[in-house]
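Note: the block below is query-v9.cif and it holds mmCIF, C-alpha atoms.
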```cif
data_start
loop_
_atom_site.label_atom_id
_atom_site.label_comp_id
_atom_site.auth_asym_id
_atom_site.auth_seq_id
_atom_site.Cartn_x
_atom_site.Cartn_y
_atom_site.Cartn_z
CA MET A 77 -126.08 -11.86 -15.70
CA ASP A 78 -122.88 -13.47 -14.52
CA GLU A 79 -124.05 -17.01 -15.33
CA LYS A 80 -121.59 -18.79 -17.60
CA LYS A 81 -122.90 -20.45 -20.72
CA LEU A 82 -121.97 -23.58 -22.65
CA ALA A 83 -123.15 -24.32 -26.18
CA ILE A 84 -122.70 -27.79 -27.68
CA ILE A 85 -123.37 -29.11 -31.18
CA ALA A 86 -124.02 -32.86 -31.07
CA THR A 87 -123.61 -34.49 -34.48
CA LYS A 88 -123.03 -38.16 -33.72
CA GLY A 89 -125.49 -40.89 -32.89
CA THR A 90 -123.45 -43.87 -31.80
CA LEU A 91 -123.50 -45.27 -28.28
CA ASP A 92 -119.97 -44.07 -27.50
CA TRP A 93 -120.31 -40.60 -29.01
CA GLY A 94 -123.62 -40.06 -27.28
CA TYR A 95 -121.76 -39.70 -23.99
CA PRO A 96 -119.62 -36.55 -24.38
CA PRO A 97 -122.50 -34.11 -24.97
CA PHE A 98 -124.60 -35.43 -22.08
CA ILE A 99 -121.65 -35.79 -19.66
CA LEU A 100 -120.41 -32.26 -20.30
CA ALA A 101 -123.88 -30.71 -20.40
CA SER A 102 -125.00 -32.30 -17.12
CA THR A 103 -121.72 -31.47 -15.37
CA ALA A 104 -121.70 -27.88 -16.61
CA ALA A 105 -125.28 -27.50 -15.39
CA ALA A 106 -124.20 -28.83 -11.97
CA LEU A 107 -121.47 -26.19 -11.92
CA GLY A 108 -124.02 -23.49 -12.58
CA TYR A 109 -123.68 -23.01 -16.33
CA GLY A 110 -126.62 -22.33 -18.58
CA VAL A 111 -126.39 -25.05 -21.23
CA GLU A 112 -127.81 -25.55 -24.68
CA ILE A 113 -127.27 -28.53 -26.99
CA PHE A 114 -128.01 -28.27 -30.70
CA PHE A 115 -128.64 -31.74 -32.16
CA THR A 116 -128.05 -32.15 -35.87
CA PHE A 117 -127.56 -34.95 -38.38
CA TYR A 118 -126.92 -38.26 -36.56
CA GLY A 119 -126.94 -36.49 -33.20
CA LEU A 120 -130.74 -36.40 -33.54
CA GLN A 121 -130.73 -40.10 -32.60
CA LEU A 122 -129.84 -39.00 -29.05
CA LEU A 123 -133.24 -37.31 -28.72
CA LYS A 124 -135.32 -40.42 -29.28
CA LYS A 125 -137.31 -41.58 -26.25
CA ASP A 126 -135.93 -45.06 -26.69
CA LEU A 127 -132.13 -45.14 -26.96
CA SER A 128 -131.78 -48.92 -27.07
CA HIS A 129 -131.12 -48.76 -30.84
CA LEU A 130 -127.79 -46.95 -30.39
CA ARG A 131 -124.79 -49.03 -31.39
CA VAL A 132 -121.03 -48.88 -31.32
CA SER A 133 -119.15 -50.43 -34.21
CA PRO A 134 -115.57 -51.71 -34.34
CA LEU A 135 -115.74 -51.21 -38.13
CA GLY A 136 -113.79 -48.16 -39.27
CA ASN A 137 -112.89 -47.62 -35.63
CA PRO A 138 -109.32 -48.95 -35.32
CA ALA A 139 -108.75 -47.29 -31.93
CA MET A 140 -111.51 -49.28 -30.25
CA PRO A 141 -109.93 -51.64 -27.71
CA MET A 142 -110.83 -55.23 -28.50
CA PRO A 143 -110.37 -58.26 -26.23
CA ILE A 144 -108.49 -60.01 -29.04
CA PRO A 145 -106.89 -58.47 -32.14
CA MET A 146 -109.23 -58.87 -35.08
CA PRO A 147 -108.68 -58.35 -38.80
CA THR A 148 -110.83 -55.59 -40.28
CA LEU A 149 -112.51 -58.03 -42.66
CA MET A 150 -114.01 -59.93 -39.71
CA MET A 151 -115.69 -56.83 -38.39
CA VAL A 152 -118.20 -56.85 -41.24
CA LEU A 153 -119.55 -60.23 -40.16
CA PRO A 154 -123.17 -60.33 -39.00
CA GLY A 155 -123.46 -59.92 -35.25
CA MET A 156 -120.14 -58.13 -34.74
CA GLU A 157 -121.74 -54.77 -34.14
CA GLY A 158 -124.28 -56.23 -31.74
CA MET A 159 -121.52 -58.03 -29.90
CA ALA A 160 -119.36 -54.91 -29.59
CA THR A 161 -122.40 -52.96 -28.38
CA SER A 162 -123.40 -55.42 -25.67
CA MET A 163 -119.76 -55.76 -24.59
CA MET A 164 -119.47 -52.03 -24.17
CA LYS A 165 -122.76 -51.78 -22.31
CA SER A 166 -121.82 -54.50 -19.82
CA LYS A 167 -118.38 -52.98 -19.32
CA MET A 168 -119.91 -49.57 -18.63
CA LYS A 169 -122.29 -51.08 -16.11
CA ALA A 170 -119.46 -52.92 -14.36
CA LYS A 171 -117.44 -49.70 -14.11
CA GLY A 172 -120.29 -47.62 -12.73
CA VAL A 173 -120.68 -45.49 -15.84
CA ALA A 174 -124.13 -43.96 -16.11
CA SER A 175 -126.48 -45.03 -18.89
CA LEU A 176 -127.14 -42.47 -21.64
CA GLU A 177 -130.77 -42.35 -20.56
CA GLU A 178 -129.76 -41.47 -17.00
CA LEU A 179 -127.37 -38.72 -18.10
CA ARG A 180 -129.94 -37.29 -20.47
CA GLU A 181 -132.56 -37.35 -17.72
CA LEU A 182 -130.14 -35.43 -15.47
CA CYS A 183 -129.72 -32.87 -18.27
CA VAL A 184 -133.49 -32.50 -18.55
CA GLU A 185 -133.81 -32.05 -14.78
CA ALA A 186 -131.06 -29.42 -14.85
CA GLU A 187 -133.00 -27.55 -17.55
CA VAL A 188 -130.43 -28.04 -20.28
CA ARG A 189 -132.05 -26.57 -23.38
CA MET A 190 -132.17 -29.03 -26.28
CA ILE A 191 -132.72 -27.94 -29.85
CA ALA A 192 -133.31 -30.30 -32.77
CA CYS A 193 -132.07 -29.05 -36.13
CA GLN A 194 -135.17 -28.55 -38.27
CA MET A 195 -133.37 -29.11 -41.57
CA THR A 196 -131.97 -32.53 -40.64
CA VAL A 197 -135.22 -33.58 -38.93
CA ASP A 198 -136.87 -32.98 -42.32
CA LEU A 199 -134.00 -34.50 -44.28
CA PHE A 200 -134.07 -37.81 -42.44
CA GLU A 201 -137.83 -37.68 -41.92
CA PHE A 202 -137.62 -38.02 -38.16
CA ASP A 203 -140.95 -38.05 -36.36
CA THR A 204 -140.63 -35.50 -33.56
CA ALA A 205 -143.22 -37.52 -31.63
CA ASP A 206 -140.43 -40.07 -31.12
CA PHE A 207 -138.35 -37.43 -29.31
CA ILE A 208 -138.42 -36.84 -25.57
CA ASP A 209 -140.61 -33.98 -24.37
CA GLY A 210 -139.35 -30.43 -24.20
CA ILE A 211 -137.31 -30.44 -27.41
CA GLU A 212 -137.39 -27.24 -29.44
CA LEU A 213 -136.88 -27.09 -33.19
CA GLY A 214 -134.54 -24.52 -34.67
CA GLY A 215 -131.98 -23.66 -37.27
CA ALA A 216 -128.42 -22.39 -37.48
CA ALA A 217 -129.43 -18.83 -36.61
CA SER A 218 -131.10 -19.97 -33.39
CA PHE A 219 -127.91 -21.81 -32.44
CA PHE A 220 -125.90 -18.60 -32.79
CA GLU A 221 -128.39 -16.69 -30.71
CA PHE A 222 -127.20 -18.74 -27.73
CA ALA A 223 -123.65 -19.60 -28.87
CA GLY A 224 -122.89 -15.93 -29.52
CA GLU A 225 -123.26 -15.23 -25.81
CA SER A 226 -121.59 -18.43 -24.65
CA ASP A 227 -118.28 -18.73 -22.83
CA ILE A 228 -117.61 -22.17 -24.32
CA THR A 229 -118.75 -23.69 -27.59
CA LEU A 230 -118.04 -27.31 -28.43
CA PHE A 231 -118.63 -29.32 -31.59
CA MET A 232 -118.98 -33.03 -31.05
CA MET B 1494 -113.11 -33.95 12.38
CA VAL B 1495 -115.92 -32.25 10.55
CA GLN B 1496 -119.43 -33.31 11.51
CA GLU B 1497 -121.70 -34.07 8.57
CA ASP B 1498 -125.43 -33.48 8.30
CA LYS B 1499 -125.91 -35.95 5.48
CA VAL B 1500 -123.95 -38.75 3.82
CA LEU B 1501 -123.86 -39.50 0.09
CA ASP B 1502 -122.66 -42.95 -0.90
CA ALA B 1503 -121.08 -42.55 -4.35
CA ARG B 1504 -119.03 -45.74 -4.18
CA GLY B 1505 -118.83 -47.64 -7.45
CA LEU B 1506 -120.03 -44.63 -9.46
CA ASN B 1507 -117.92 -43.19 -12.23
CA CYS B 1508 -117.54 -39.69 -13.67
CA PRO B 1509 -119.65 -37.56 -13.74
CA LEU B 1510 -122.16 -39.27 -11.43
CA PRO B 1511 -120.46 -38.49 -8.07
CA ILE B 1512 -120.51 -34.78 -8.91
CA LEU B 1513 -124.07 -34.83 -10.23
CA ARG B 1514 -125.35 -36.70 -7.17
CA THR B 1515 -123.46 -34.28 -4.93
CA LYS B 1516 -125.07 -31.31 -6.63
CA LYS B 1517 -128.48 -32.87 -6.07
CA ALA B 1518 -127.77 -33.75 -2.44
CA LEU B 1519 -126.50 -30.24 -1.69
CA GLY B 1520 -129.78 -28.92 -3.05
CA GLU B 1521 -131.57 -30.68 -0.20
CA LEU B 1522 -129.40 -29.06 2.47
CA THR B 1523 -129.62 -25.58 3.92
CA SER B 1524 -126.78 -23.07 3.90
CA GLY B 1525 -123.99 -24.03 6.32
CA GLN B 1526 -124.88 -27.72 6.47
CA VAL B 1527 -122.23 -30.28 5.58
CA LEU B 1528 -122.43 -33.17 3.11
CA LYS B 1529 -120.07 -36.12 3.44
CA ILE B 1530 -119.37 -37.95 0.18
CA VAL B 1531 -117.77 -41.38 -0.05
CA ALA B 1532 -116.45 -42.24 -3.52
CA THR B 1533 -114.21 -44.84 -5.13
CA ASP B 1534 -113.48 -43.03 -8.42
CA PRO B 1535 -109.84 -41.80 -8.22
CA GLY B 1536 -110.78 -38.97 -10.59
CA ALA B 1537 -113.10 -37.65 -7.90
CA VAL B 1538 -110.20 -36.04 -6.00
CA LYS B 1539 -109.53 -33.44 -8.68
CA ASP B 1540 -113.20 -33.20 -9.62
CA PHE B 1541 -114.40 -32.36 -6.12
CA GLU B 1542 -111.75 -29.67 -5.76
CA ALA B 1543 -112.87 -28.22 -9.09
CA PHE B 1544 -116.55 -28.52 -8.15
CA SER B 1545 -116.00 -26.75 -4.84
CA LYS B 1546 -114.02 -23.95 -6.43
CA GLN B 1547 -116.52 -23.30 -9.17
CA THR B 1548 -119.70 -23.61 -7.13
CA LYS B 1549 -118.24 -21.78 -4.08
CA ASN B 1550 -119.36 -24.59 -1.77
CA PRO B 1551 -116.30 -24.98 0.51
CA LEU B 1552 -114.47 -28.32 0.55
CA LEU B 1553 -113.84 -28.47 4.30
CA ASP B 1554 -111.87 -31.68 4.44
CA GLN B 1555 -110.89 -34.72 2.43
CA ALA B 1556 -109.32 -38.05 3.20
CA GLU B 1557 -108.38 -41.32 1.58
CA ALA B 1558 -108.60 -44.71 3.23
CA ALA B 1559 -108.64 -48.23 1.82
CA GLY B 1560 -109.40 -47.15 -1.74
CA GLU B 1561 -112.19 -44.82 -0.66
CA PHE B 1562 -112.16 -41.08 -1.06
CA ILE B 1563 -114.04 -39.01 1.48
CA PHE B 1564 -115.05 -35.40 1.01
CA PHE B 1565 -116.80 -32.92 3.27
CA ILE B 1566 -118.52 -30.15 1.36
CA GLN B 1567 -120.37 -27.34 3.05
CA LYS B 1568 -123.33 -25.78 1.35
CA ALA B 1569 -122.60 -22.11 0.72
#
```

Rewritten as structure tokens:
Amino acid sequence: MDEKKLAIIATKGTLDWGYPPFILASTAAALGYGVEIFFTFYGLQLLKKDLSHLRVSPLGNPAMPMPIPMPTLMMVLPGMEGMATSMMKSKMKAKGVASLEELRELCVEAEVRMIACQMTVDLFEFDTADFIDGIELGGAASFFEFAGESDITLFM
Amino acid sequence: MVQEDKVLDARGLNCPLPILRTKKALGELTSGQVLKIVATDPGAVKDFEAFSKQTKNPLLDQAEAAGEFIFFIQKA
């Protein structure tokens, strides 16, 4: 087999950090790579059928560009996270950035293999019925089965 | 000028959508046919060169006019 392979570990479940795994996985698949994503810890949020709960927070995120400079203390106020999230969503739409759902759907169509980490599914008591179809469950050893033969391995 | 068999309008789309839509559109063509892509993402210039190189679908021609980037990719 001369097919190249990409293995990704997705560990984050915020709106912004949901993008890198799905952008790179879908693009690699379009370039002819075989792709597998291993979702663990907060990355499991990216597998839920409904992604509307994903948020981006300016709190503890000093590099996030804000329309006006804001003291850290203000970022804990109720509604700040919701505001930052809806601002980012509308900006993405205006700039022609795909929605996470769309990118994930493109990954599914391109047969990107998605594995949910069994240990963290149990730890956080996720209901796998809430996940999109076609998700496999596995552990660290099953990640290495694919990653060991991969040309590129990325931790996100 | 290269004659296209199909046109893909990727204007207003940002990375990686122009590439992903191109991949899909090429899938609907037969070998030797040409896809014309119109994009507005400035990053598309490098991306289409990289896409062509890696997928072995030749980039026959490209042009830029009035903020639009035009690519002609032939299905291998």

Against segment 156-172 of chain A, which residues of chain B fall within 12 Å? For each one I want the closest pair of atoms and the distance in Å (one decimal), counting all atoms listed in the file, rows by chain and increasing residue number, as a tab-separated table.
```
residue	atom	partner	partner_atom	distance
B:Ala1503	CA	A:Gly172	CA	9.8
B:Arg1504	CA	A:Gly172	CA	8.8
B:Gly1505	CA	A:Gly172	CA	5.5
B:Leu1506	CA	A:Gly172	CA	4.4
B:Asn1507	CA	A:Gly172	CA	5.0
B:Cys1508	CA	A:Gly172	CA	8.4
B:Pro1509	CA	A:Gly172	CA	10.1
B:Leu1510	CA	A:Gly172	CA	8.7
B:Pro1511	CA	A:Gly172	CA	10.3
B:Ala1532	CA	A:Gly172	CA	11.3
B:Thr1533	CA	A:Gly172	CA	10.1
B:Asp1534	CA	A:Gly172	CA	9.3
```

Check your understanding: Separation of atom CA of Leu1501 of chain B and atom CA of Leu1528 of chain B, in Å?
Key ->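 Separation between atom CA of Leu1501 of chain B and atom CA of Leu1528 of chain B: 7.2 Å.
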
Point to revise | Test item: chain A residues at most 9 Å from chain B, counting only C-alpha atoms, as a list in words | key: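 In the required form, that comes to Ile99, Leu100, Ser102, Thr103, Ala106, Leu107, Gly108, Ala170, Lys171, Gly172, Val173, Ala174, Leu179 and Leu182 of chain A.
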
Point to revise | Separation of atom CA of Phe115 of chain A from atom CA of Pro141 of chain A, in Å and rounded to one decimal | key: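 We find that atom CA of Phe115 of chain A and atom CA of Pro141 of chain A lie 27.7 Å from each other.
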
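Considering only C-alpha atoms, the residue among B:Glu1561, B:Asp1554, B:Glu1542, B:Glu1521 positioned nearest to Asp1502 of chain B is B:Glu1561.
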
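The gap separating atom CA of Asp209 of chain A from atom CA of Thr196 of chain A is 18.5 Å, in Å to one decimal.
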